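Enquirer: Sharing data-v4.txt, compact mmCIF, C-alpha atoms (C1' of nucleotides):
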```
# COMPACT_ATOMS: atom_id res chain seq x y z
CA MET A 1 -18.61 -17.27 -11.07
CA ASN A 2 -20.58 -14.90 -8.89
CA VAL A 3 -19.42 -11.31 -8.65
CA ASN A 4 -22.33 -9.99 -6.60
CA LEU A 5 -20.50 -9.94 -3.30
CA LEU A 6 -17.51 -8.16 -4.77
CA LEU A 7 -19.63 -5.65 -6.66
CA SER A 8 -21.65 -4.78 -3.60
CA ASN A 9 -18.40 -4.34 -1.68
CA ILE A 10 -17.15 -1.94 -4.34
CA LYS A 11 -20.42 -0.04 -4.45
CA LYS A 12 -20.13 0.78 -0.79
CA HIS A 13 -17.33 3.14 -1.75
CA ILE A 14 -17.74 4.21 -5.37
CA THR A 15 -20.43 4.22 -8.07
CA LEU A 16 -19.94 2.55 -11.43
CA SER A 17 -21.73 3.04 -14.72
CA SER A 18 -23.03 -0.20 -16.17
CA LEU A 19 -20.33 -0.04 -18.83
CA GLU A 20 -17.63 0.34 -16.22
CA GLU A 21 -19.11 -2.49 -14.22
CA GLN A 22 -19.13 -4.67 -17.30
CA TYR A 23 -15.54 -3.83 -18.10
CA PHE A 24 -14.47 -4.55 -14.56
CA CYS A 25 -16.16 -7.95 -14.57
CA SER A 26 -14.44 -8.85 -17.82
CA GLN A 27 -11.08 -8.39 -16.11
CA ILE A 28 -11.83 -10.62 -13.14
CA THR A 29 -11.01 -14.30 -13.10
CA TYR A 30 -12.52 -16.95 -10.90
CA LEU A 31 -10.76 -19.76 -9.15
CA GLN A 32 -11.57 -22.44 -6.64
CA VAL A 33 -9.00 -23.70 -4.20
CA SER A 34 -9.39 -26.57 -1.83
CA LYS A 35 -8.24 -26.79 1.76
CA ASN A 36 -4.47 -26.57 2.19
CA GLU A 37 -4.00 -25.53 -1.42
CA SER A 38 -1.60 -22.64 -2.00
CA VAL A 39 -2.14 -19.56 -4.17
CA LEU A 40 1.25 -17.96 -3.44
CA GLN A 41 4.56 -19.36 -2.32
CA GLN A 42 7.44 -17.56 -0.67
CA GLY A 43 10.02 -16.55 -3.27
CA ASN A 44 7.62 -16.19 -6.17
CA ILE A 45 6.51 -12.78 -7.35
CA CYS A 46 2.94 -12.09 -6.36
CA ASN A 47 1.16 -10.57 -9.34
CA THR A 48 -2.43 -11.08 -8.27
CA ILE A 49 -4.78 -9.74 -5.66
CA TYR A 50 -7.47 -12.08 -4.39
CA PHE A 51 -10.98 -11.42 -3.17
CA VAL A 52 -12.57 -14.14 -1.04
CA ASP A 53 -16.08 -14.91 -2.22
CA SER A 54 -16.42 -17.87 0.15
CA GLY A 55 -14.07 -19.80 2.39
CA THR A 56 -10.98 -18.63 4.27
CA LEU A 57 -7.38 -17.92 3.32
CA SER A 58 -4.37 -17.15 5.43
CA ALA A 59 -1.11 -15.35 4.68
CA PHE A 60 1.90 -16.30 6.73
CA TYR A 61 5.64 -16.05 6.93
CA ARG A 62 7.71 -19.21 7.31
CA THR A 63 10.92 -18.65 9.28
CA LYS A 64 14.12 -20.56 8.71
CA GLY A 65 13.35 -22.43 11.92
CA GLY A 66 10.13 -23.71 10.35
CA LYS A 67 7.88 -21.59 12.57
CA GLU A 68 4.92 -19.85 10.93
CA SER A 69 3.88 -16.27 11.68
CA THR A 70 0.39 -15.49 10.47
CA ILE A 71 0.15 -12.05 8.91
CA MET A 72 -3.55 -12.04 8.17
CA PHE A 73 -6.65 -14.09 7.66
CA ALA A 74 -9.07 -13.36 4.85
CA ILE A 75 -12.65 -14.51 5.18
CA ARG A 76 -15.66 -13.88 2.92
CA ASP A 77 -15.68 -10.30 1.58
CA TRP A 78 -11.96 -9.64 2.25
CA TRP A 79 -9.11 -8.96 -0.13
CA ILE A 80 -5.76 -10.65 0.35
CA THR A 81 -2.36 -10.50 -1.33
CA ASP A 82 1.32 -9.99 -0.55
CA LEU A 83 1.13 -6.28 -1.22
CA TYR A 84 4.86 -5.79 -0.79
CA SER A 85 5.64 -8.30 -3.51
CA PHE A 86 2.72 -7.10 -5.63
CA THR A 87 3.63 -3.42 -5.72
CA ASN A 88 7.41 -3.79 -5.87
CA GLU A 89 7.47 -6.89 -8.06
CA LYS A 90 9.92 -8.49 -5.66
CA PRO A 91 9.92 -12.11 -4.44
CA ALA A 92 7.16 -12.73 -1.92
CA MET A 93 8.00 -13.14 1.74
CA LEU A 94 4.63 -14.70 2.38
CA ASP A 95 2.76 -17.89 1.64
CA ILE A 96 -0.97 -17.67 1.02
CA GLU A 97 -3.06 -20.79 1.51
CA ALA A 98 -6.68 -21.80 1.73
CA ILE A 99 -7.50 -23.11 5.17
CA GLU A 100 -10.84 -24.41 3.92
CA ASP A 101 -12.31 -24.91 0.45
CA SER A 102 -12.71 -21.46 -1.02
CA SER A 103 -14.04 -19.56 -4.02
CA ILE A 104 -11.91 -16.66 -5.06
CA LEU A 105 -12.01 -13.78 -7.51
CA ALA A 106 -8.68 -12.55 -8.77
CA ILE A 107 -7.25 -9.67 -10.74
CA SER A 108 -3.70 -9.49 -12.05
CA ASN A 109 -1.38 -6.56 -11.53
CA VAL A 110 -1.36 -5.76 -15.26
CA LYS A 111 -5.14 -5.74 -15.44
CA LEU A 112 -5.39 -3.67 -12.30
CA GLN A 113 -3.12 -0.98 -13.74
CA LEU A 114 -5.30 -0.92 -16.84
CA LEU A 115 -8.37 -0.70 -14.67
CA TYR A 116 -6.97 2.33 -12.84
CA GLN A 117 -6.55 4.04 -16.21
CA LYS A 118 -9.88 3.13 -17.71
CA VAL A 119 -11.98 3.51 -14.57
CA PRO A 120 -10.23 6.06 -12.38
CA SER A 121 -12.76 5.71 -9.58
CA PHE A 122 -11.00 2.46 -8.72
CA GLU A 123 -8.14 4.65 -7.54
CA LYS A 124 -10.55 5.93 -4.95
CA TYR A 125 -11.83 2.45 -4.10
CA PHE A 126 -8.37 1.13 -3.39
CA ARG A 127 -7.31 4.36 -1.73
CA ILE A 128 -10.07 3.74 0.80
CA LEU A 129 -9.27 0.04 1.08
CA PHE A 130 -5.59 0.60 1.73
CA ALA A 131 -6.31 3.37 4.20
CA ASN A 132 -8.54 1.01 6.16
CA ALA A 133 -5.97 -1.75 5.97
CA TYR A 134 -3.35 0.67 7.24
CA ILE A 135 -5.54 1.68 10.16
CA ARG A 136 -6.16 -1.96 11.05
CA GLU A 137 -2.48 -2.81 11.03
CA GLN A 138 -1.64 0.26 13.05
CA LEU A 139 -4.13 -0.80 15.68
CA ARG A 140 -2.65 -4.25 15.62
CA ALA A 141 0.81 -2.83 16.25
CA LEU A 142 -0.63 -0.81 19.10
CA ASP A 143 -2.13 -3.96 20.59
CA ASN A 144 1.14 -5.84 20.23
CA ILE A 145 3.23 -3.30 22.07
CA THR A 146 0.64 -2.25 24.66
CA PHE A 147 -1.25 -5.28 25.92
CA THR A 148 -0.44 -8.66 27.43
CA THR A 149 -1.01 -11.86 25.50
CA GLU A 150 -4.16 -12.52 27.47
CA GLU A 151 -5.65 -9.12 26.70
CA ARG A 152 -4.69 -9.40 23.04
CA TYR A 153 -6.36 -12.78 22.77
CA PHE A 154 -9.66 -11.53 24.12
CA ARG A 155 -9.51 -8.36 22.05
CA PHE A 156 -8.96 -10.53 19.01
CA ILE A 157 -11.93 -12.85 19.56
CA GLU A 158 -14.11 -9.85 20.29
CA LYS A 159 -13.01 -8.00 17.17
CA TYR A 160 -13.02 -10.94 14.76
CA PRO A 161 -15.59 -13.51 15.94
CA GLN A 162 -16.18 -14.67 12.37
CA ILE A 163 -12.50 -15.53 12.03
CA VAL A 164 -12.47 -17.42 15.32
CA GLU A 165 -15.24 -19.64 13.96
CA LYS A 166 -13.17 -20.69 11.00
CA VAL A 167 -9.61 -20.86 12.24
CA SER A 168 -7.77 -23.29 14.52
CA GLN A 169 -6.35 -22.26 17.87
CA LYS A 170 -2.90 -22.92 16.54
CA ARG A 171 -3.30 -20.32 13.80
CA ILE A 172 -4.69 -17.74 16.17
CA ALA A 173 -1.65 -18.28 18.38
CA SER A 174 0.53 -17.79 15.33
CA TYR A 175 -1.33 -14.54 14.53
CA LEU A 176 -0.85 -13.28 18.08
CA GLY A 177 2.78 -14.35 18.20
CA VAL A 178 2.49 -16.79 21.10
CA THR A 179 2.70 -20.55 21.45
CA PRO A 180 -0.46 -22.68 21.17
CA GLU A 181 0.38 -24.17 24.58
CA PHE A 182 0.28 -20.81 26.26
CA LEU A 183 -2.96 -19.84 24.55
CA SER A 184 -4.42 -23.04 25.90
CA THR A 185 -3.54 -22.19 29.48
CA VAL A 186 -4.91 -18.67 29.06
CA LYS A 187 -8.24 -20.09 27.94
CA LYS A 188 -8.35 -22.58 30.77
CA LYS A 189 -7.59 -19.96 33.39
CA ASN A 190 -10.41 -17.73 32.20
CA LYS A 191 -12.86 -20.59 31.92
CA ARG A 192 -12.30 -21.31 35.61
CA LEU A 193 -12.81 -17.67 36.48
CA LYS A 194 -16.10 -17.53 34.60
CA LEU A 195 -17.48 -20.61 36.36
CA SER A 196 -16.58 -19.53 39.87
CA MET B 197 6.47 28.51 3.81
CA ASN B 198 8.38 26.20 1.52
CA VAL B 199 6.46 23.56 -0.39
CA ASN B 200 9.34 22.27 -2.48
CA LEU B 201 9.94 19.15 -0.45
CA LEU B 202 6.27 18.23 -0.44
CA LEU B 203 5.86 18.92 -4.15
CA SER B 204 8.84 16.81 -5.06
CA ASN B 205 7.46 14.03 -2.89
CA ILE B 206 4.15 14.23 -4.75
CA LYS B 207 5.80 14.33 -8.14
CA LYS B 208 7.49 11.03 -7.48
CA HIS B 209 4.05 9.46 -7.87
CA ILE B 210 1.86 11.70 -10.02
CA THR B 211 2.21 14.61 -12.42
CA LEU B 212 0.44 17.91 -11.90
CA SER B 213 -0.36 20.71 -14.31
CA SER B 214 0.84 24.08 -13.10
CA LEU B 215 -2.77 25.06 -12.43
CA GLU B 216 -3.32 21.97 -10.32
CA GLU B 217 -0.10 22.60 -8.47
CA GLN B 218 -1.15 26.15 -7.79
CA TYR B 219 -4.54 25.06 -6.51
CA PHE B 220 -2.96 22.45 -4.28
CA CYS B 221 -0.57 24.97 -2.76
CA SER B 222 -3.44 27.33 -2.04
CA GLN B 223 -5.05 24.66 0.13
CA ILE B 224 -1.96 23.97 2.23
CA THR B 225 -1.28 25.74 5.49
CA TYR B 226 2.01 26.15 7.24
CA LEU B 227 2.75 25.84 10.91
CA GLN B 228 5.72 25.76 13.17
CA VAL B 229 5.73 23.79 16.37
CA SER B 230 8.39 23.78 19.00
CA LYS B 231 9.74 20.84 20.91
CA ASN B 232 7.15 19.09 23.14
CA GLU B 233 4.33 21.04 21.56
CA SER B 234 1.25 19.03 20.63
CA VAL B 235 -0.70 19.07 17.37
CA LEU B 236 -3.27 16.46 18.40
CA GLN B 237 -4.56 15.31 21.75
CA GLN B 238 -6.30 12.07 22.61
CA GLY B 239 -10.07 12.57 22.61
CA ASN B 240 -10.15 15.34 20.04
CA ILE B 241 -11.22 14.65 16.48
CA CYS B 242 -8.26 14.72 14.14
CA ASN B 243 -9.22 16.68 11.06
CA THR B 244 -5.80 17.39 9.63
CA ILE B 245 -2.99 15.47 8.03
CA TYR B 246 0.52 16.76 8.56
CA PHE B 247 3.59 16.69 6.34
CA VAL B 248 6.93 17.16 8.07
CA ASP B 249 9.06 19.68 6.21
CA SER B 250 11.70 19.69 8.92
CA GLY B 251 11.97 18.33 12.45
CA THR B 252 10.46 15.21 13.97
CA LEU B 253 7.02 14.29 15.28
CA SER B 254 5.78 11.25 17.13
CA ALA B 255 2.35 9.68 17.50
CA PHE B 256 1.67 7.67 20.62
CA TYR B 257 -1.01 6.12 22.72
CA ARG B 258 -1.22 6.95 26.39
CA THR B 259 -2.60 4.08 28.49
CA LYS B 260 -4.62 4.51 31.65
CA GLY B 261 -1.52 3.43 33.55
CA GLY B 262 0.34 6.42 32.14
CA LYS B 263 2.57 4.32 29.89
CA GLU B 264 3.15 5.53 26.35
CA SER B 265 3.14 3.29 23.28
CA THR B 266 4.70 4.93 20.26
CA ILE B 267 2.78 4.20 17.07
CA MET B 268 5.04 6.00 14.63
CA PHE B 269 7.71 8.61 14.18
CA ALA B 270 7.58 11.12 11.33
CA ILE B 271 10.78 12.73 10.17
CA ARG B 272 11.41 15.10 7.24
CA ASP B 273 9.42 14.07 4.16
CA TRP B 274 6.89 11.93 6.06
CA TRP B 275 3.16 12.35 6.52
CA ILE B 276 1.57 11.81 9.93
CA THR B 277 -1.95 11.83 11.33
CA ASP B 278 -4.34 9.72 13.37
CA LEU B 279 -5.87 8.17 10.28
CA TYR B 280 -8.52 6.31 12.25
CA SER B 281 -9.82 9.51 13.76
CA PHE B 282 -9.36 11.40 10.51
CA THR B 283 -11.35 9.04 8.28
CA ASN B 284 -14.05 8.10 10.76
CA GLU B 285 -14.33 11.48 12.45
CA LYS B 286 -14.17 9.76 15.82
CA PRO B 287 -12.19 10.92 18.88
CA ALA B 288 -8.49 10.33 18.46
CA MET B 289 -6.79 7.55 20.39
CA LEU B 290 -3.42 9.11 19.73
CA ASP B 291 -1.42 12.11 20.77
CA ILE B 292 0.86 13.70 18.21
CA GLU B 293 3.75 15.83 19.45
CA ALA B 294 6.87 17.47 18.12
CA ILE B 295 9.97 15.92 19.64
CA GLU B 296 12.09 18.71 18.26
CA ASP B 297 11.30 22.10 16.73
CA SER B 298 9.53 21.38 13.46
CA SER B 299 8.09 22.98 10.34
CA ILE B 300 4.93 21.38 9.14
CA LEU B 301 2.57 21.60 6.20
CA ALA B 302 -1.03 20.72 6.88
CA ILE B 303 -4.21 20.07 4.98
CA SER B 304 -7.63 19.74 6.55
CA ASN B 305 -10.03 16.89 5.88
CA VAL B 306 -12.52 19.21 4.21
CA LYS B 307 -9.89 20.61 1.88
CA LEU B 308 -8.56 17.17 1.12
CA GLN B 309 -11.98 15.96 0.04
CA LEU B 310 -12.25 18.98 -2.24
CA LEU B 311 -8.81 18.26 -3.57
CA TYR B 312 -9.80 14.70 -4.45
CA GLN B 313 -12.67 16.11 -6.50
CA LYS B 314 -10.81 18.88 -8.24
CA VAL B 315 -7.55 17.03 -8.83
CA PRO B 316 -8.39 13.34 -9.03
CA SER B 317 -4.77 12.31 -9.44
CA PHE B 318 -4.45 12.92 -5.71
CA GLU B 319 -6.58 9.81 -5.29
CA LYS B 320 -3.73 7.97 -6.89
CA TYR B 321 -1.12 9.74 -4.81
CA PHE B 322 -2.77 8.79 -1.55
CA ARG B 323 -3.65 5.35 -2.84
CA ILE B 324 0.07 4.74 -3.25
CA LEU B 325 0.92 6.37 0.08
CA PHE B 326 -1.59 4.32 2.03
CA ALA B 327 -0.53 1.14 0.27
CA ASN B 328 3.06 1.78 1.31
CA ALA B 329 2.01 2.61 4.84
CA TYR B 330 0.01 -0.60 4.96
CA ILE B 331 3.01 -2.61 3.79
CA ARG B 332 5.22 -0.99 6.41
CA GLU B 333 2.81 -1.73 9.23
CA GLN B 334 2.32 -5.28 8.04
CA LEU B 335 6.07 -5.80 8.15
CA ARG B 336 6.13 -4.29 11.60
CA ALA B 337 3.46 -6.73 12.77
CA LEU B 338 5.51 -9.54 11.26
CA ASP B 339 8.55 -8.37 13.19
CA ASN B 340 6.57 -8.10 16.42
CA ILE B 341 5.26 -11.64 16.32
CA THR B 342 8.32 -13.31 14.79
CA PHE B 343 11.47 -11.90 16.32
CA THR B 344 12.94 -11.38 19.77
CA THR B 345 13.33 -7.90 21.23
CA GLU B 346 17.02 -7.98 20.44
CA GLU B 347 16.47 -8.84 16.79
CA ARG B 348 13.73 -6.25 16.48
CA TYR B 349 15.96 -3.55 17.91
CA PHE B 350 18.72 -4.18 15.41
CA ARG B 351 16.30 -4.48 12.52
CA PHE B 352 14.86 -1.13 13.55
CA ILE B 353 18.16 0.75 13.68
CA GLU B 354 19.16 -0.77 10.37
CA LYS B 355 15.87 0.14 8.72
CA TYR B 356 15.47 3.63 10.17
CA PRO B 357 18.91 5.07 10.91
CA GLN B 358 17.65 8.62 10.37
CA ILE B 359 15.05 8.11 13.08
CA VAL B 360 17.62 6.71 15.51
CA GLU B 361 19.62 9.94 15.11
CA LYS B 362 16.71 12.06 16.22
CA VAL B 363 14.91 10.02 18.85
CA SER B 364 15.75 9.07 22.42
CA GLN B 365 16.32 5.49 23.51
CA LYS B 366 13.23 5.72 25.64
CA ARG B 367 11.03 6.42 22.65
CA ILE B 368 12.56 3.64 20.62
CA ALA B 369 11.84 1.28 23.50
CA SER B 370 8.26 2.54 23.51
CA TYR B 371 8.03 1.92 19.75
CA LEU B 372 9.35 -1.62 20.16
CA GLY B 373 7.13 -2.31 23.15
CA VAL B 374 9.86 -2.99 25.69
CA THR B 375 11.23 -1.16 28.72
CA PRO B 376 14.11 1.30 28.33
CA GLU B 377 16.03 -0.69 30.96
CA PHE B 378 15.90 -3.84 28.94
CA LEU B 379 16.91 -2.07 25.75
CA SER B 380 19.89 -0.75 27.64
CA THR B 381 21.05 -4.22 28.62
CA VAL B 382 20.57 -5.46 25.07
CA LYS B 383 22.84 -2.70 23.79
CA LYS B 384 25.46 -3.36 26.41
CA LYS B 385 25.52 -7.08 25.72
CA ASN B 386 26.12 -6.52 22.01
CA LYS B 387 28.75 -3.88 22.59
CA ARG B 388 30.72 -6.43 24.58
CA LEU B 389 30.32 -9.00 21.82
CA LYS B 390 31.62 -6.62 19.19
CA LEU B 391 34.72 -5.76 21.19
CA SER B 392 35.72 -9.32 21.98
C1' DC C 393 -8.37 -49.30 11.65
C1' DG C 394 -4.19 -46.50 12.43
C1' DC C 395 -1.62 -42.45 11.53
C1' DG C 396 -0.88 -37.67 12.18
C1' DA C 397 -2.39 -33.11 13.53
C1' DC C 398 -4.53 -30.72 17.28
C1' DG C 399 -5.51 -29.23 21.91
C1' DT C 400 -4.30 -29.88 26.71
C1' DT C 401 -1.46 -30.28 30.87
C1' DG C 402 2.72 -30.15 33.66
C1' DA C 403 7.89 -29.35 34.77
C1' DT C 404 11.56 -26.56 33.79
C1' DT C 405 14.01 -22.71 31.80
C1' DT C 406 14.50 -18.16 29.95
C1' DG C 407 13.35 -13.46 28.51
C1' DC C 408 11.74 -9.51 30.04
C1' DC C 409 9.64 -6.54 33.65
C1' DT C 410 9.67 -4.16 38.14
C1' DC C 411 11.76 -1.56 41.41
C1' DA C 412 15.48 0.94 43.20
C1' DA C 413 19.78 3.38 43.05
C1' DC C 414 23.31 6.03 40.60
C1' DG C 415 25.91 9.34 37.44
C1' DA C 416 25.31 12.23 33.43
C1' DT C 417 22.81 15.39 30.83
C1' DT C 418 19.40 18.78 29.98
C1' DG C 419 16.50 22.33 31.25
C1' DT C 420 15.00 26.20 34.23
C1' DG C 421 14.31 29.83 37.54
C1' DG C 422 16.71 32.91 40.50
C1' DC D 423 25.58 32.39 34.80
C1' DC D 424 25.04 29.35 38.35
C1' DA D 425 22.31 26.08 41.29
C1' DC D 426 18.92 23.10 41.42
C1' DA D 427 15.44 20.08 39.57
C1' DA D 428 14.04 16.93 36.24
C1' DT D 429 14.80 13.60 32.85
C1' DC D 430 17.64 10.11 30.70
C1' DG D 431 20.53 6.16 30.32
C1' DT D 432 22.74 2.54 32.99
C1' DT D 433 23.26 -1.24 36.27
C1' DG D 434 21.74 -4.83 39.44
C1' DA D 435 18.47 -7.87 42.34
C1' DG D 436 14.40 -10.27 42.32
C1' DG D 437 10.01 -11.84 40.30
C1' DC D 438 6.73 -13.02 36.84
C1' DA D 439 5.15 -14.15 32.12
C1' DA D 440 5.81 -16.94 28.43
C1' DA D 441 8.74 -20.37 25.85
C1' DT D 442 10.43 -25.01 25.58
C1' DC D 443 10.09 -29.78 25.93
C1' DA D 444 7.65 -33.86 26.70
C1' DA D 445 3.66 -36.72 27.40
C1' DC D 446 -1.16 -37.85 26.64
C1' DG D 447 -6.14 -38.09 24.92
C1' DT D 448 -9.01 -36.84 21.01
C1' DC D 449 -10.46 -36.26 16.56
C1' DG D 450 -10.53 -36.21 11.47
C1' DC D 451 -8.76 -38.38 7.61
C1' DG D 452 -6.47 -41.72 4.47
```
Since I need it in another form, could you write the structure as structure tokens?

Expert:
Amino acid sequence: MNVNLLLSNIKKHITLSSLEEQYFCSQITYLQVSKNESVLQQGNICNTIYFVDSGTLSAFYRTKGGKESTIMFAIRDWWITDLYSFTNEKPAMLDIEAIEDSSILAISNVKLQLLYQKVPSFEKYFRILFANAYIREQLRALDNITFTTEERYFRFIEKYPQIVEKVSQKRIASYLGVTPEFLSTVKKKNKRLKLS
Amino acid sequence: MNVNLLLSNIKKHITLSSLEEQYFCSQITYLQVSKNESVLQQGNICNTIYFVDSGTLSAFYRTKGGKESTIMFAIRDWWITDLYSFTNEKPAMLDIEAIEDSSILAISNVKLQLLYQKVPSFEKYFRILFANAYIREQLRALDNITFTTEERYFRFIEKYPQIVEKVSQKRIASYLGVTPEFLSTVKKKNKRLKLS
DNA sequence: CGCGACGTTGATTTGCCTCAACGATTGTGG
DNA sequence: CCACAATCGTTGAGGCAAATCAACGTCGCG
């Protein structure tokens, strides 16, 4: 396992002594998941947070009708979990799956609580992470209630080009809350405009 | 000024020595705002976070077209700020206004950073707060992309009855991202259903 | 090779918006 | 304290955006 990416992510926000770094690494576990493999299923309690070292994961909600609503994508250098289930120890609403072969670092809830105690600067690290996640989601809500589908689509591909590379049109539609068919016509319309 | 509500909120998550508590209180400022008064205007840098001791505030985005998109409401016992502007020290996208006469406790960015240093358990407090805020916004995004307007309306009034008491229909529509007219017809339709 | 998922296109339907008009309520200046 | 203006919620007519359903070509995969 390779913790360099994760460590350099952490060091953007806090500094660790070499002892602390060592302790942290001893708490991390490594796992590889292949495309379409699941790391969390709706109904189970999510007791792990995942850091994507390589590959791409997606978290989504499966409605009774069988439709999927994508909550988030996680590419290289992103954390992902069902934070609701994780913090409240309630059954997960979300599924989390790899949408390509991926290498993942993981830390359990129990070990994270210990980590907070032994290395309090991780409180700061996750305080910053959650604040940023909150800001992102707030901006997403703003987009959802303010802009048309078309505008939201182009704002998305501008904001997350690295995700667009990795993820099918269908999943982007599911993230935006529209049908794949409609996304297709939006693209076509704008292609014509560009050419003329 | 009365800090009891805020202190009891904090003590749900962390414990403070009496010295720490005293220091914290010395950093807090008190302000009263009357209905329609603004505490933040789009374009200004937001360097304060606000805790609502009594009353109700709302944060919203004003589009070029003059439409307003409500990002959040803050009632008694809630924090509110433009966190994007606050953490990045960039011009605020949001306006924050009192929608009824309100009593507010405030702490500036500078003082908050000091507080983190002097009383590190506040890292934990805000870590938990931001995590919860993140979860809430994620669930909101899920609602936005998964459910119809009608379903979202009833989920909202069920989830936030205390907000519904305080806030006009127009603002709820603006929070849900629909027109007040349409919300009106949704209500009417369901009133008829209940009666029959 | 053949099956199944994906992206595309078109016809039809539906949800929601726009605009306009109206009473009811709130707020405000004389 | 009243008269007037302004805002809010409601209702209806008409239009547009997006969903649904169905059909088809393409590609990756077993």

Enquirer: Quick one, how far is CA of Lys35 (chain A) from C1' of DC393 (chain C)?

Expert: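 Separation between CA of Lys35 (chain A) and C1' of DC393 (chain C): 24.6 Å.
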
Enquirer: Please compute the CA of Lys362 (chain B)-CA of Asp249 (chain B) distance, one decimal, in Å.

Expert: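 Computing it gives 14.7 Å between the two atoms.
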
Enquirer: Compile the residues of chain B that lie within 9 Å of chain D, evaluated using all atoms listed in the file, and express the compilation as a list in words.

Expert: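 The contacting residues on chain B are Ser364, Gln365, Lys366, Pro376, Glu377, Ser380 and Thr381 of chain B.
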
Enquirer: Just the selected residues (C-alpha atoms), exported as a PDB file, in the coordinates of the input, please.

Expert:
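Resulting contents of selection.pdb:
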```pdb
ATOM      1  CA  SER B 364      15.750   9.070  22.420  1.00  0.00           C
ATOM      2  CA  GLN B 365      16.320   5.490  23.510  1.00  0.00           C
ATOM      3  CA  LYS B 366      13.230   5.720  25.640  1.00  0.00           C
ATOM      4  CA  PRO B 376      14.110   1.300  28.330  1.00  0.00           C
ATOM      5  CA  GLU B 377      16.030  -0.690  30.960  1.00  0.00           C
ATOM      6  CA  SER B 380      19.890  -0.750  27.640  1.00  0.00           C
ATOM      7  CA  THR B 381      21.050  -4.220  28.620  1.00  0.00           C
TER       8      THR B 381
END
```

Enquirer: Counting only C-alpha atoms (C1' of nucleotides), which residues sit no farther than 7 Å from the position (1.5, 21.8, 4.5) in the file's frame? I'd like them as a PyMOL selection string.

Expert: chain B and resi 224-226+246-247+300-303

Enquirer: When you draw a straight line from CA of Ile14 (chain A) to CA of Tyr125 (chain A), how long is it in Å?

Expert: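 Going from CA of Ile14 (chain A) over to CA of Tyr125 (chain A) covers 6.3 Å.
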
Enquirer: In terms of the shortest atom-to-atom distance over only C-alpha atoms, which of A:Ala74, A:Ile10, A:Ile172, A:Leu129 is closest to Ile341 (chain B)?

Expert: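 Under the stated criterion, the closest residue is A:Ile172.
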
Enquirer: Let me know the centre plus edge lengths, in Å and rounded to one decimal, of a box with edges along x, y and z that contains all listed atoms of region 25-44 of chain A and is padded by 5 Å on every side, as AutoDock Vina command-line options.

Expert:
```
--center_x -3.1 --center_y -17.4 --center_z -7.8 --size_x 36.2 --size_y 28.8 --size_z 30.0
```

Enquirer: Env of Thr15 (chain A): 12 Å cut, atoms = only C-alpha atoms (C1' of nucleotides), seq-sep filter 3 positions within chain, self excluded. Answer as an MDAnalysis selection string.

Expert: chainID A and resid 7:12 18:21 119:122 124:125

Enquirer: Report as a tab-separated table the residues of chain C within 12 Å of chain B, each with its shortest atom pair and distance in Å (one decimal), using all atoms listed in the file, ordered by chain and increasing residue number.

Expert:
```
residue	atom	partner	partner_atom	distance
C:DG407	C1'	B:Thr344	CA	9.0
C:DC408	C1'	B:Phe378	CA	7.1
C:DC409	C1'	B:Thr375	CA	7.5
C:DT410	C1'	B:Thr375	CA	10.0
C:DC411	C1'	B:Glu377	CA	11.3
```

Enquirer: If I only have part of region 289-298 of chain B, can you fill in N, CA and C atoms and write it as a PDB file, keeping the file's coordinate frame?

Expert:
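Ended up saving to result.pdb:
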```pdb
ATOM      1  N   MET B 289      -7.425   8.352  19.345  1.00  0.00           N
ATOM      2  CA  MET B 289      -6.790   7.550  20.390  1.00  0.00           C
ATOM      3  C   MET B 289      -5.387   8.055  20.651  1.00  0.00           C
ATOM      4  N   LEU B 290      -4.838   8.767  19.683  1.00  0.00           N
ATOM      5  CA  LEU B 290      -3.420   9.110  19.730  1.00  0.00           C
ATOM      6  C   LEU B 290      -3.166  10.554  20.111  1.00  0.00           C
ATOM      7  N   ASP B 291      -1.996  10.779  20.653  1.00  0.00           N
ATOM      8  CA  ASP B 291      -1.420  12.110  20.770  1.00  0.00           C
ATOM      9  C   ASP B 291      -0.349  12.250  19.700  1.00  0.00           C
ATOM     10  N   ILE B 292      -0.237  13.431  19.134  1.00  0.00           N
ATOM     11  CA  ILE B 292       0.860  13.700  18.210  1.00  0.00           C
ATOM     12  C   ILE B 292       1.614  14.925  18.707  1.00  0.00           C
ATOM     13  N   GLU B 293       2.930  14.760  18.900  1.00  0.00           N
ATOM     14  CA  GLU B 293       3.750  15.830  19.450  1.00  0.00           C
ATOM     15  C   GLU B 293       5.031  16.004  18.656  1.00  0.00           C
ATOM     16  N   ALA B 294       5.553  17.217  18.683  1.00  0.00           N
ATOM     17  CA  ALA B 294       6.870  17.470  18.120  1.00  0.00           C
ATOM     18  C   ALA B 294       7.918  17.027  19.135  1.00  0.00           C
ATOM     19  N   ILE B 295       8.909  16.263  18.699  1.00  0.00           N
ATOM     20  CA  ILE B 295       9.970  15.920  19.640  1.00  0.00           C
ATOM     21  C   ILE B 295      11.225  16.736  19.369  1.00  0.00           C
ATOM     22  N   GLU B 296      11.143  17.613  18.389  1.00  0.00           N
ATOM     23  CA  GLU B 296      12.090  18.710  18.260  1.00  0.00           C
ATOM     24  C   GLU B 296      11.367  19.821  17.487  1.00  0.00           C
ATOM     25  N   ASP B 297      11.938  21.006  17.467  1.00  0.00           N
ATOM     26  CA  ASP B 297      11.300  22.100  16.730  1.00  0.00           C
ATOM     27  C   ASP B 297      11.080  21.661  15.287  1.00  0.00           C
ATOM     28  N   SER B 298       9.883  21.920  14.773  1.00  0.00           N
ATOM     29  CA  SER B 298       9.530  21.380  13.460  1.00  0.00           C
ATOM     30  C   SER B 298       8.737  22.362  12.615  1.00  0.00           C
TER      31      SER B 298
END
```
